[in-house]
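**Q** Here you go, coords_22.txt (compact mmCIF, C-alpha atoms):
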# COMPACT_ATOMS: atom_id res chain seq x y z
CA MET A 1070 0.00 0.00 0.00
CA ALA A 1071 2.41 2.68 1.17
CA GLU A 1072 5.74 3.38 -0.48
CA GLY A 1073 8.39 1.02 0.73
CA ILE A 1074 6.07 -1.30 2.66
CA THR A 1075 5.59 -4.76 1.15
CA ASP A 1076 2.66 -7.03 1.89
CA LEU A 1077 3.87 -10.55 2.58
CA ASP A 1078 1.90 -13.77 2.81
CA MET A 1079 2.65 -17.50 3.18
CA ASP A 1080 3.84 -17.71 -0.45
CA SER A 1081 6.15 -14.71 -0.45
CA PHE A 1082 7.35 -14.58 3.15
CA ASP A 1083 10.32 -16.98 3.26
CA GLU A 1084 11.86 -15.76 0.02
CA ALA A 1085 11.54 -12.11 1.07
CA ILE A 1086 13.08 -12.71 4.50
CA SER A 1087 15.96 -14.94 3.39
CA SER A 1088 16.96 -12.86 0.37
CA SER A 1089 17.06 -9.51 2.15
CA ASP A 1090 20.49 -7.97 2.60
CA THR A 1091 19.18 -5.52 5.20
CA PRO A 1092 17.13 -6.14 8.35
CA ILE A 1093 13.38 -6.43 7.72
CA LEU A 1094 10.81 -5.30 10.25
CA VAL A 1095 7.59 -7.28 9.81
CA ASP A 1096 4.35 -5.83 11.17
CA PHE A 1097 1.82 -8.55 12.03
CA TRP A 1098 -1.57 -6.84 11.92
CA ALA A 1099 -5.29 -7.25 11.18
CA GLU A 1100 -8.14 -5.09 9.98
CA TRP A 1101 -10.02 -5.46 13.31
CA CYS A 1102 -7.13 -4.29 15.50
CA GLY A 1103 -7.45 -0.61 16.50
CA PRO A 1104 -3.89 -0.18 17.86
CA CYS A 1105 -2.55 -1.70 14.59
CA LYS A 1106 -4.21 1.13 12.67
CA MET A 1107 -2.61 3.70 14.93
CA ILE A 1108 0.94 2.50 14.25
CA ALA A 1109 0.49 2.00 10.49
CA PRO A 1110 1.27 5.67 9.64
CA ILE A 1111 4.30 5.58 11.98
CA LEU A 1112 5.70 2.58 10.11
CA GLU A 1113 5.13 4.37 6.81
CA GLU A 1114 7.15 7.32 8.11
CA ILE A 1115 9.96 5.07 9.33
CA ALA A 1116 10.00 3.27 5.96
CA SER A 1117 10.46 6.54 4.10
CA GLU A 1118 12.95 8.05 6.55
CA HIS A 1119 15.26 5.08 7.12
CA GLU A 1120 16.88 3.26 4.23
CA GLY A 1121 18.80 0.82 6.38
CA ILE A 1122 15.72 -1.22 7.26
CA LYS A 1123 12.94 -2.66 5.12
CA ILE A 1124 9.39 -2.79 6.39
CA ALA A 1125 6.83 -5.44 5.51
CA LYS A 1126 3.35 -6.38 6.71
CA VAL A 1127 1.64 -9.69 7.32
CA ASN A 1128 -2.13 -9.78 7.68
CA VAL A 1129 -2.69 -12.46 10.35
CA ASP A 1130 -6.24 -13.07 9.13
CA GLU A 1131 -4.93 -14.05 5.71
CA SER A 1132 -1.76 -15.76 6.92
CA PRO A 1133 -2.60 -17.41 10.26
CA ASP A 1134 0.17 -20.00 9.69
CA LEU A 1135 2.82 -17.28 9.82
CA ALA A 1136 1.33 -15.89 13.03
CA ARG A 1137 1.43 -19.39 14.51
CA ARG A 1138 5.00 -20.02 13.35
CA TYR A 1139 6.21 -16.95 15.27
CA GLU A 1140 3.96 -17.66 18.27
CA ILE A 1141 2.11 -14.40 18.01
CA MET A 1142 -0.55 -14.04 20.71
CA SER A 1143 -1.06 -10.31 20.58
CA ILE A 1144 -1.04 -7.68 17.85
CA PRO A 1145 0.35 -5.37 16.72
CA ALA A 1146 3.51 -7.50 16.90
CA LEU A 1147 6.68 -6.34 15.19
CA ILE A 1148 9.48 -8.78 14.48
CA VAL A 1149 12.84 -7.64 13.12
CA PHE A 1150 14.50 -10.33 10.96
CA GLU A 1151 18.25 -10.19 10.42
CA ASN A 1152 20.06 -12.65 8.15
CA GLY A 1153 16.79 -14.52 7.76
CA LEU A 1154 16.23 -15.03 11.48
CA PRO A 1155 14.07 -13.24 14.04
CA ALA A 1156 16.34 -10.91 16.00
CA LYS A 1157 13.85 -8.88 17.99
CA LYS A 1158 10.14 -9.06 18.81
CA LEU A 1159 8.11 -6.09 20.01
CA ILE A 1160 4.54 -6.39 21.17
CA GLY A 1161 1.91 -3.68 21.36
CA ALA A 1162 1.52 -0.24 19.81
CA LYS A 1163 4.17 2.34 20.75
CA PRO A 1164 4.81 5.96 19.87
CA LYS A 1165 7.34 6.64 17.13
CA GLY A 1166 10.16 7.73 19.42
CA ALA A 1167 9.91 4.62 21.58
CA LEU A 1168 9.73 2.39 18.52
CA LEU A 1169 12.81 3.98 16.93
CA GLU A 1170 14.69 3.51 20.18
CA GLU A 1171 13.77 -0.20 20.28
CA ILE A 1172 14.88 -0.83 16.70
CA GLY A 1173 17.82 1.61 16.79
CA GLU A 1174 20.43 -1.14 16.50
CA PHE A 1175 19.01 -2.19 13.12
CA LEU A 1176 18.75 1.23 11.49
CA MET B 109 3.02 24.32 11.05
CA GLY B 110 6.03 26.25 12.30
CA ASP B 111 4.62 27.02 15.71
CA ASN B 112 6.63 28.83 18.27
CA VAL B 113 5.97 29.56 21.88
CA ASN B 114 4.41 32.93 21.12
CA ASP B 115 1.49 31.62 19.07
CA ILE B 116 -1.47 31.81 21.41
CA ARG B 117 -4.37 29.69 20.29
CA ASP B 118 -8.05 29.96 21.08
CA ALA B 119 -8.32 26.34 22.20
CA ILE B 120 -6.19 23.34 23.05
CA ILE B 121 -7.97 20.01 23.45
CA ILE B 122 -6.18 17.33 25.46
CA GLY B 123 -7.37 13.83 24.54
CA SER B 124 -9.13 12.43 21.50
CA GLY B 125 -11.95 10.06 22.40
CA PRO B 126 -15.59 10.83 21.54
CA ALA B 127 -15.56 13.84 23.92
CA GLY B 128 -12.36 15.46 22.68
CA LEU B 129 -13.10 14.91 19.01
CA THR B 130 -16.65 16.25 19.31
CA ALA B 131 -15.21 19.32 21.05
CA ALA B 132 -12.73 19.53 18.15
CA ILE B 133 -15.52 19.42 15.54
CA TYR B 134 -17.51 22.15 17.31
CA THR B 135 -14.59 24.45 18.10
CA ALA B 136 -13.19 24.03 14.58
CA ARG B 137 -16.55 24.98 13.09
CA ALA B 138 -16.60 28.01 15.40
CA ASN B 139 -13.29 29.14 13.81
CA MET B 140 -11.33 28.53 17.00
CA ALA B 141 -8.68 26.48 15.10
CA PRO B 142 -8.29 23.94 17.92
CA LEU B 143 -5.05 22.08 18.54
CA VAL B 144 -5.84 18.50 19.57
CA ILE B 145 -3.06 16.78 21.52
CA GLU B 146 -4.42 13.34 20.87
CA GLY B 147 -2.15 11.01 22.85
CA GLU B 148 0.27 8.29 21.83
CA PRO B 149 -0.28 4.87 20.27
CA SER B 150 -0.43 2.06 22.83
CA SER B 151 -2.25 -1.22 23.22
CA THR B 152 -4.24 0.02 26.20
CA SER B 153 -7.28 2.28 26.20
CA ASP B 154 -4.92 5.23 26.83
CA GLN B 155 -4.39 5.98 23.12
CA PRO B 156 -5.68 8.26 20.36
CA GLY B 157 -9.36 7.49 19.83
CA GLY B 158 -9.71 6.24 23.41
CA GLN B 159 -11.51 3.20 24.71
CA LEU B 160 -13.51 2.56 21.52
CA MET B 161 -10.24 1.73 19.73
CA LEU B 162 -10.31 -1.56 21.63
CA THR B 163 -13.89 -2.54 20.84
CA THR B 164 -15.50 -4.24 17.86
CA ASP B 165 -19.17 -3.63 17.13
CA VAL B 166 -20.61 -0.50 18.71
CA GLU B 167 -24.32 -1.25 18.67
CA ASN B 168 -25.70 1.65 20.70
CA PHE B 169 -24.26 4.73 18.99
CA PRO B 170 -27.23 6.45 17.30
CA GLY B 171 -27.07 6.81 13.54
CA PHE B 172 -25.63 3.37 12.80
CA PRO B 173 -28.59 0.98 12.62
CA GLU B 174 -26.33 -1.97 11.73
CA GLY B 175 -23.66 -1.00 14.29
CA ILE B 176 -20.17 0.23 13.49
CA MET B 177 -16.66 -0.92 14.44
CA GLY B 178 -15.19 1.13 17.31
CA PRO B 179 -11.93 2.08 15.52
CA GLU B 180 -13.85 3.01 12.38
CA LEU B 181 -16.22 5.25 14.35
CA MET B 182 -13.27 7.04 15.94
CA MET B 183 -11.48 7.46 12.59
CA ASN B 184 -14.71 9.05 11.32
CA PHE B 185 -14.83 11.45 14.29
CA ARG B 186 -11.22 12.39 13.61
CA SER B 187 -11.62 13.02 9.88
CA GLN B 188 -14.71 15.10 10.57
CA ALA B 189 -12.68 17.29 12.96
CA SER B 190 -9.80 17.51 10.43
CA ARG B 191 -12.19 18.54 7.69
CA PHE B 192 -13.02 21.71 9.62
CA GLY B 193 -9.42 22.55 10.36
CA ALA B 194 -8.63 20.91 13.70
CA GLU B 195 -4.90 20.32 13.99
CA PHE B 196 -3.49 17.16 15.62
CA ILE B 197 -0.35 16.30 17.54
CA THR B 198 0.15 12.57 18.20
CA SER B 199 1.83 12.91 21.58
CA LYS B 200 1.04 12.94 25.25
CA VAL B 201 0.94 16.10 27.29
CA THR B 202 3.72 16.04 29.87
CA SER B 203 2.64 18.94 32.06
CA VAL B 204 0.28 21.90 32.25
CA ASP B 205 0.15 25.29 33.94
CA PHE B 206 -3.38 26.59 34.50
CA SER B 207 -2.34 29.19 37.10
CA ALA B 208 -1.52 31.92 34.58
CA ARG B 209 -3.11 33.13 31.35
CA PRO B 210 -2.72 32.22 28.60
CA PHE B 211 -2.69 28.62 29.80
CA THR B 212 0.41 26.59 29.01
CA VAL B 213 0.63 22.97 27.94
CA TRP B 214 3.95 21.14 27.49
CA VAL B 215 4.61 18.18 25.25
CA GLY B 216 8.18 17.24 26.13
CA GLU B 217 10.27 20.27 25.12
CA GLU B 218 7.50 21.88 23.09
CA THR B 219 5.36 24.61 24.63
CA TYR B 220 1.81 25.41 23.54
CA GLN B 221 -0.38 28.21 24.82
CA ALA B 222 -4.11 28.88 24.56
CA ARG B 223 -6.87 31.06 25.95
CA THR B 224 -9.03 28.01 26.70
CA VAL B 225 -8.21 24.36 27.36
CA ILE B 226 -10.66 21.49 27.02
CA ILE B 227 -9.68 18.38 28.99
CA SER B 228 -10.91 15.07 27.60
CA THR B 229 -8.23 12.61 28.69
CA GLY B 230 -10.73 9.88 29.53
CA ALA B 231 -10.05 6.87 31.70
CA GLN B 232 -7.76 3.89 31.33
CA SER B 233 -8.07 0.22 32.17
CA LEU B 234 -6.91 -0.96 35.55
CA MET B 235 -4.48 -3.85 35.81
CA LEU B 236 -4.47 -6.51 38.54
CA GLY B 237 -1.11 -5.39 39.94
CA LEU B 238 0.16 -8.97 40.38
CA PRO B 239 3.72 -10.23 39.78
CA ASN B 240 4.27 -11.64 36.24
CA GLU B 241 1.58 -9.33 34.85
CA ASP B 242 3.97 -7.08 32.87
CA ARG B 243 6.16 -9.97 31.77
CA LEU B 244 3.29 -12.04 30.37
CA LEU B 245 1.50 -9.14 28.68
CA GLY B 246 1.33 -10.13 25.02
CA HIS B 247 2.23 -13.71 25.89
CA GLY B 248 -1.22 -14.92 26.84
CA LEU B 249 -2.17 -11.97 28.99
CA SER B 250 -4.09 -9.27 27.17
CA THR B 251 -5.84 -5.96 27.67
CA CYS B 252 -7.42 -6.03 24.18
CA ALA B 253 -9.91 -8.82 23.48
CA THR B 254 -10.64 -7.52 19.99
CA CYS B 255 -6.92 -7.48 19.09
CA ASP B 256 -5.96 -10.80 20.57
CA GLY B 257 -9.06 -13.04 20.76
CA PHE B 258 -8.22 -14.40 17.30
CA PHE B 259 -5.09 -16.11 18.65
CA PHE B 260 -7.01 -18.22 21.17
CA ARG B 261 -9.08 -20.27 18.76
CA ASP B 262 -10.22 -23.54 20.39
CA GLN B 263 -8.35 -22.75 23.61
CA GLU B 264 -9.56 -22.23 27.16
CA ILE B 265 -9.26 -18.69 28.43
CA ALA B 266 -10.50 -16.44 31.23
CA VAL B 267 -11.73 -12.88 31.60
CA VAL B 268 -11.44 -11.03 34.93
CA GLY B 269 -14.19 -8.57 35.86
CA GLY B 270 -17.95 -8.20 36.17
CA GLY B 271 -18.92 -4.93 34.52
CA ASP B 272 -20.14 -4.22 30.99
CA SER B 273 -16.72 -4.38 29.40
CA ALA B 274 -15.81 -7.69 31.06
CA VAL B 275 -19.09 -9.32 30.08
CA GLU B 276 -18.87 -7.91 26.56
CA GLU B 277 -15.31 -9.19 26.17
CA ALA B 278 -16.17 -12.62 27.56
CA THR B 279 -19.12 -12.91 25.17
CA PHE B 280 -17.00 -11.74 22.23
CA LEU B 281 -14.21 -14.21 23.07
CA THR B 282 -16.61 -17.19 22.87
CA ARG B 283 -16.45 -16.66 19.08
CA PHE B 284 -12.90 -18.02 19.19
CA ALA B 285 -12.24 -19.90 22.41
CA SER B 286 -13.63 -23.35 23.22
CA LYS B 287 -14.40 -22.15 26.74
CA VAL B 288 -14.38 -18.78 28.49
CA TYR B 289 -14.35 -18.43 32.28
CA LEU B 290 -15.55 -15.11 33.63
CA ILE B 291 -13.85 -14.56 36.97
CA HIS B 292 -15.81 -12.21 39.18
CA ARG B 293 -15.22 -11.40 42.82
CA ARG B 294 -18.90 -10.77 43.64
CA ASN B 295 -21.99 -12.97 43.37
CA GLU B 296 -23.74 -10.82 40.79
CA LEU B 297 -22.73 -8.97 37.64
CA ARG B 298 -22.67 -5.17 37.48
CA ALA B 299 -23.17 -5.31 33.71
CA SER B 300 -26.36 -4.06 32.06
CA LYS B 301 -29.34 -6.41 31.79
CA ILE B 302 -28.91 -7.11 28.07
CA MET B 303 -25.22 -7.99 28.53
CA ARG B 304 -25.98 -10.15 31.59
CA GLU B 305 -28.61 -12.13 29.75
CA ARG B 306 -26.29 -12.70 26.79
CA ALA B 307 -23.60 -13.97 29.12
CA LEU B 308 -25.84 -16.21 31.22
CA SER B 309 -27.34 -17.89 28.15
CA ASN B 310 -24.01 -18.48 26.40
CA PRO B 311 -23.11 -22.20 26.61
CA LYS B 312 -19.36 -21.58 26.18
CA LEU B 313 -19.23 -19.10 29.05
CA GLU B 314 -18.89 -20.15 32.67
CA ILE B 315 -19.02 -17.58 35.43
CA LEU B 316 -16.86 -18.22 38.48
CA TRP B 317 -18.64 -16.25 41.21
CA ASN B 318 -16.99 -14.89 44.38
CA THR B 319 -13.60 -15.56 42.87
CA GLN B 320 -10.46 -13.52 42.42
CA VAL B 321 -7.12 -14.05 40.74
CA VAL B 322 -4.26 -14.12 43.25
CA GLU B 323 -1.46 -15.40 41.03
CA ILE B 324 -0.63 -15.43 37.32
CA GLN B 325 1.47 -18.39 36.20
CA GLY B 326 3.67 -19.10 33.20
CA ASP B 327 7.30 -18.98 32.06
CA GLU B 328 7.48 -18.10 28.34
CA LYS B 329 3.71 -18.05 27.99
CA LEU B 330 0.80 -17.80 30.37
CA SER B 331 -0.18 -21.26 31.59
CA GLY B 332 -2.78 -20.63 34.25
CA VAL B 333 -3.94 -18.70 37.28
CA VAL B 334 -4.40 -19.34 40.97
CA LEU B 335 -7.91 -18.43 42.11
CA GLU B 336 -9.18 -17.64 45.57
CA ASP B 337 -12.76 -17.99 46.75
CA THR B 338 -13.62 -14.63 48.32
CA THR B 339 -15.98 -16.22 50.86
CA THR B 340 -13.90 -19.21 52.04
CA ASN B 341 -10.38 -18.09 51.00
CA ALA B 342 -9.88 -21.55 49.50
CA GLN B 343 -7.38 -21.55 46.63
CA ARG B 344 -7.24 -23.61 43.46
CA SER B 345 -5.44 -23.57 40.12
CA LEU B 346 -7.12 -23.06 36.78
CA SER B 347 -5.26 -23.91 33.61
CA VAL B 348 -5.91 -21.33 30.85
CA GLN B 349 -3.90 -20.22 27.81
CA GLY B 350 -5.27 -16.71 27.77
CA LEU B 351 -6.22 -14.14 30.41
CA PHE B 352 -8.05 -10.92 29.59
CA ILE B 353 -8.32 -8.15 32.16
CA ALA B 354 -11.40 -5.92 32.34
CA ILE B 355 -11.69 -4.87 35.97
CA GLY B 356 -12.61 -1.25 35.45
CA HIS B 357 -11.06 2.11 34.80
CA ARG B 358 -9.38 5.01 36.49
CA PRO B 359 -9.57 8.58 35.19
CA ASN B 360 -6.48 10.07 33.54
CA THR B 361 -6.17 13.03 35.87
CA ASP B 362 -2.59 12.73 37.15
CA LEU B 363 -1.59 15.77 35.05
CA PHE B 364 -4.15 17.98 36.76
CA ARG B 365 -3.83 16.79 40.34
CA ASP B 366 -2.26 19.99 41.66
CA GLN B 367 -4.21 22.43 39.50
CA LEU B 368 -7.85 21.36 39.45
CA GLU B 369 -10.25 19.96 42.00
CA LEU B 370 -10.67 16.18 41.87
CA LYS B 371 -13.33 14.00 43.44
CA GLU B 372 -12.23 11.40 45.97
CA ASN B 373 -12.21 8.76 43.23
CA GLY B 374 -9.89 10.90 41.09
CA TYR B 375 -12.43 12.21 38.56
CA LEU B 376 -12.40 15.92 37.67
CA VAL B 377 -15.06 18.10 39.27
CA THR B 378 -17.21 20.16 36.88
CA GLU B 379 -20.01 22.60 37.67
CA PRO B 380 -23.54 21.11 37.52
CA ASN B 381 -24.97 21.14 33.96
CA SER B 382 -21.78 22.63 32.62
CA SER B 383 -18.28 21.64 31.56
CA GLU B 384 -16.64 24.39 33.64
CA THR B 385 -13.91 23.46 36.10
CA GLN B 386 -12.90 25.67 39.04
CA VAL B 387 -10.45 27.50 36.78
CA PRO B 388 -12.30 29.87 34.43
CA GLY B 389 -11.33 29.03 30.84
CA ILE B 390 -10.56 25.36 31.59
CA PHE B 391 -13.32 22.95 30.62
CA ALA B 392 -13.65 19.18 31.01
CA CYS B 393 -15.75 16.61 29.17
CA GLY B 394 -16.13 12.87 28.72
CA ASP B 395 -15.09 10.07 31.05
CA VAL B 396 -12.44 12.15 32.83
CA GLN B 397 -15.29 13.95 34.63
CA ASP B 398 -18.03 11.30 34.38
CA ASP B 399 -17.99 8.39 36.82
CA TYR B 400 -21.63 7.56 36.22
CA TYR B 401 -22.80 7.32 32.57
CA ARG B 402 -19.47 6.61 30.81
CA GLN B 403 -20.93 6.09 27.33
CA ALA B 404 -19.53 7.19 23.96
CA ILE B 405 -22.68 9.19 23.29
CA THR B 406 -22.67 10.99 26.66
CA ALA B 407 -18.96 11.72 26.18
CA ALA B 408 -19.69 13.17 22.73
CA GLY B 409 -22.56 15.21 24.17
CA SER B 410 -20.37 16.63 26.91
CA GLY B 411 -17.67 17.40 24.33
CA CYS B 412 -20.19 19.53 22.49
CA MET B 413 -21.06 21.29 25.77
CA ALA B 414 -17.39 22.01 26.46
CA ALA B 415 -16.89 23.48 22.98
CA ILE B 416 -19.89 25.77 23.33
CA ASP B 417 -18.87 26.75 26.88
CA ALA B 418 -15.35 27.56 25.66
CA GLU B 419 -16.62 29.56 22.69
CA ARG B 420 -18.97 31.66 24.86
CA TRP B 421 -16.29 32.16 27.49
CA LEU B 422 -13.90 33.45 24.81
CA GLU B 423 -16.56 35.84 23.48
CA GLU B 424 -17.21 37.22 26.95
CA HIS B 425 -13.53 37.60 27.74
CA SER B 426 -12.14 38.90 24.46
CA THR B 427 -11.03 42.49 24.53
Would you write the structure of this file as structure tokens?

**A**
Amino acid sequence: MAEGITDLDMDSFDEAISSSDTPILVDFWAEWCGPCKMIAPILEEIASEHEGIKIAKVNVDESPDLARRYEIMSIPALIVFENGLPAKKLIGAKPKGALLEEIGEFL
Amino acid sequence: MGDNVNDIRDAIIIGSGPAGLTAAIYTARANMAPLVIEGEPSSTSDQPGGQLMLTTDVENFPGFPEGIMGPELMMNFRSQASRFGAEFITSKVTSVDFSARPFTVWVGEETYQARTVIISTGAQSLMLGLPNEDRLLGHGLSTCATCDGFFFRDQEIAVVGGGDSAVEEATFLTRFASKVYLIHRRNELRASKIMRERALSNPKLEILWNTQVVEIQGDEKLSGVVLEDTTTNAQRSLSVQGLFIAIGHRPNTDLFRDQLELKENGYLVTEPNSSETQVPGIFACGDVQDDYYRQAITAAGSGCMAAIDAERWLEEHST
């Protein structure tokens, strides 16, 4: 949808994660999750302001297997993948400053 | 906008639930160019849009015969306010000074000043205050049934509380879970009649009366709770994969504690049939000053009152 944010699903996920040469932050979200909607514009801003990290989204309604694989029990959940592996998991909506601080090491 | 400290506005609105956004719509249409400091994203009810951001179908807001999703309703409120020129800052107010005019509101290092301030900071969910609560939040323990219910399909879970929101959440969660326990420390529900009847007739829902949670268990993930019977003090374990907390709210009035009069329960005091506080030019609306009705529609109504009160006050006090 937004510039620089890719939608991933079961078919595209593994390839996108393993082939990335930069860290990827994946936002697990759903249409019915209010806090997910509040952080969506923040992620769009981060995507356009920081070139060192890619941002992708997984709709848990459409890809429940991916949510299960990463043991997601609460959304929004953000997982940063580095070299194809999960390196950091953040749960719950946060303001932009707090989010940037949490993912600072990957930027 | 390149604001600096010297720009004095007609109105600053703190908070952005139904009350704050209705006040924004009315003050914007009255050419008061309100600045709405809407709060910060979080997964609790203390976030832009307020408590309705954590609900699904809102069935009792007039004008939506088929109901409307809470987040969608609040997005509509917000775009309506934007359309008339309300300006938004997605941050939390850090402190205020209502002792001198114009009034001053700080957001971190930024300073904002206005001739009137409308307070609509609402109320936020209470937590149990037990060990492990913070650690297991998001790992089986949740404050948002609508966000997280999906992940408990065919599992056994529990909801703590006995008011409308607890009963509503428990009923909602039976869509996903195989079994929902409603843990309530009294022997009757405080929820409204329609919600009570829905709960009592739901075959997947079991109410544990006179019961409270005394311990939350789990290492990586929540695995269960220890319950205590409030009449006999007998304890027992209950194995659940999910625990949802809906034990009530407290008003977000910490910012105003030293500057405005609060009731004993922490809610802001307003004049009868008015949104006026004890400080002329400071108005309050919505749940932050309402410990009785606490509905989206009453919050919106009081937001309208606050906007009109602020507009008239400005007219009377402009030189």

**Q** Mind checking which residues fall within 12 Å of Ala307 of chain B, counting only C-alpha atoms, ignoring those fewer than 6 positions away in the same chain, and posting them as a VMD selection string?

**A** chain B and resid 270 to 282 288 to 290 297 299 to 301 313 to 315

**Q** Atoms to include: C-alpha atoms. Write the selected residues as a short mmCIF file (atom, residue, chain, number, x, y, z; two decimals), keeping the file's coordinate frame.

**A**
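Resulting contents of part-v5.cif:
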data_model
loop_
_atom_site.label_atom_id
_atom_site.label_comp_id
_atom_site.auth_asym_id
_atom_site.auth_seq_id
_atom_site.Cartn_x
_atom_site.Cartn_y
_atom_site.Cartn_z
CA GLY B 270 -17.95 -8.20 36.17
CA GLY B 271 -18.92 -4.93 34.52
CA ASP B 272 -20.14 -4.22 30.99
CA SER B 273 -16.72 -4.38 29.40
CA ALA B 274 -15.81 -7.69 31.06
CA VAL B 275 -19.09 -9.32 30.08
CA GLU B 276 -18.87 -7.91 26.56
CA GLU B 277 -15.31 -9.19 26.17
CA ALA B 278 -16.17 -12.62 27.56
CA THR B 279 -19.12 -12.91 25.17
CA PHE B 280 -17.00 -11.74 22.23
CA LEU B 281 -14.21 -14.21 23.07
CA THR B 282 -16.61 -17.19 22.87
CA VAL B 288 -14.38 -18.78 28.49
CA TYR B 289 -14.35 -18.43 32.28
CA LEU B 290 -15.55 -15.11 33.63
CA LEU B 297 -22.73 -8.97 37.64
CA ALA B 299 -23.17 -5.31 33.71
CA SER B 300 -26.36 -4.06 32.06
CA LYS B 301 -29.34 -6.41 31.79
CA LEU B 313 -19.23 -19.10 29.05
CA GLU B 314 -18.89 -20.15 32.67
CA ILE B 315 -19.02 -17.58 35.43
#

**Q** Based on only C-alpha atoms, which of the residues in chain A come within 8 Å of chain B? I want them as JSON, numbers by chain.

**A** {"A": [1101, 1102, 1103, 1104, 1107, 1108, 1141, 1142, 1143, 1144, 1145, 1160, 1161, 1162, 1163, 1164]}

**Q** Got time to write the residues from that selection, C-alpha atoms, as a PDB file, in the frame of the given file?

**A**
ATOM      1  CA  TRP A1101     -10.020  -5.460  13.310  1.00  0.00           C
ATOM      2  CA  CYS A1102      -7.130  -4.290  15.500  1.00  0.00           C
ATOM      3  CA  GLY A1103      -7.450  -0.610  16.500  1.00  0.00           C
ATOM      4  CA  PRO A1104      -3.890  -0.180  17.860  1.00  0.00           C
ATOM      5  CA  MET A1107      -2.610   3.700  14.930  1.00  0.00           C
ATOM      6  CA  ILE A1108       0.940   2.500  14.250  1.00  0.00           C
ATOM      7  CA  ILE A1141       2.110 -14.400  18.010  1.00  0.00           C
ATOM      8  CA  MET A1142      -0.550 -14.040  20.710  1.00  0.00           C
ATOM      9  CA  SER A1143      -1.060 -10.310  20.580  1.00  0.00           C
ATOM     10  CA  ILE A1144      -1.040  -7.680  17.850  1.00  0.00           C
ATOM     11  CA  PRO A1145       0.350  -5.370  16.720  1.00  0.00           C
ATOM     12  CA  ILE A1160       4.540  -6.390  21.170  1.00  0.00           C
ATOM     13  CA  GLY A1161       1.910  -3.680  21.360  1.00  0.00           C
ATOM     14  CA  ALA A1162       1.520  -0.240  19.810  1.00  0.00           C
ATOM     15  CA  LYS A1163       4.170   2.340  20.750  1.00  0.00           C
ATOM     16  CA  PRO A1164       4.810   5.960  19.870  1.00  0.00           C
TER      17      PRO A1164
END

**Q** Using all atoms listed in the file, which of the listed residues (A:Ile1074, A:Ile1115, A:Met1079, A:Ile1122) sits closest to Val1149 of chain A?

**A**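 Checking each of A:Ile1074, A:Ile1115, A:Met1079, A:Ile1122 against Val1149 of chain A, counting all atoms listed in the file, the winner is A:Ile1122.
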
**Q** Work out how far apart atom CA of Glu419 of chain B and atom CA of Tyr375 of chain B are and give it in Å to one decimal.

**A**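 Spanning atom CA of Glu419 of chain B to atom CA of Tyr375 of chain B is a straight-line distance of 23.9 Å.
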
**Q** I'd like the interatomic distance between atom CA of Ser382 of chain B and atom CA of Ile176 of chain B, to a tenth of an Å.

**A**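 Distance reported for this atom pair: 29.5 Å.
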
**Q** So how many Å separate atom CA of Ile265 of chain B and atom CA of Arg283 of chain B, to one decimal?

**A** 12.0 Å

**Q** Tell me, as a PyMOL selection string, which residues lie within 10 Å of Val1095 of chain A, counting all atoms listed in the file; anything in the same chain fewer than 3 positions away does not count.

**A** chain A and resi 1074-1077+1082+1086+1092+1098+1123-1127+1146-1150+1155+1158

**Q** Which residue gives the smallest distance to Thr378 of chain B among B:Gln397, B:Thr361, B:Ser345, B:Gln325, with all atoms listed in the file counted?

**A**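 With all atoms listed in the file as the atom set, the closest residue is B:Gln397.
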
**Q** Could you check the closest approach to Ile405 of chain B for each of B:Gly193, B:Leu370, B:Cys393, B:Phe206 and tell me which residue wins, using only C-alpha atoms?

**A**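 Checking each candidate against Ile405 of chain B, we get B:Cys393 as the closest.
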
**Q** Between B:Val268, B:Val166, B:Val225, B:Leu351, which has the minimum distance to Ala418 of chain B (counting only C-alpha atoms)?

**A**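 Under the stated criterion, the closest residue is B:Val225.
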
**Q** Could you check which of A:Asn1128, A:Leu1094, A:Glu1114, A:Asp1078 is closest to Leu1159 of chain A, using all atoms listed in the file?

**A**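 Of A:Asn1128, A:Leu1094, A:Glu1114, A:Asp1078, the one nearest Leu1159 of chain A, counting all atoms listed in the file, is A:Leu1094.
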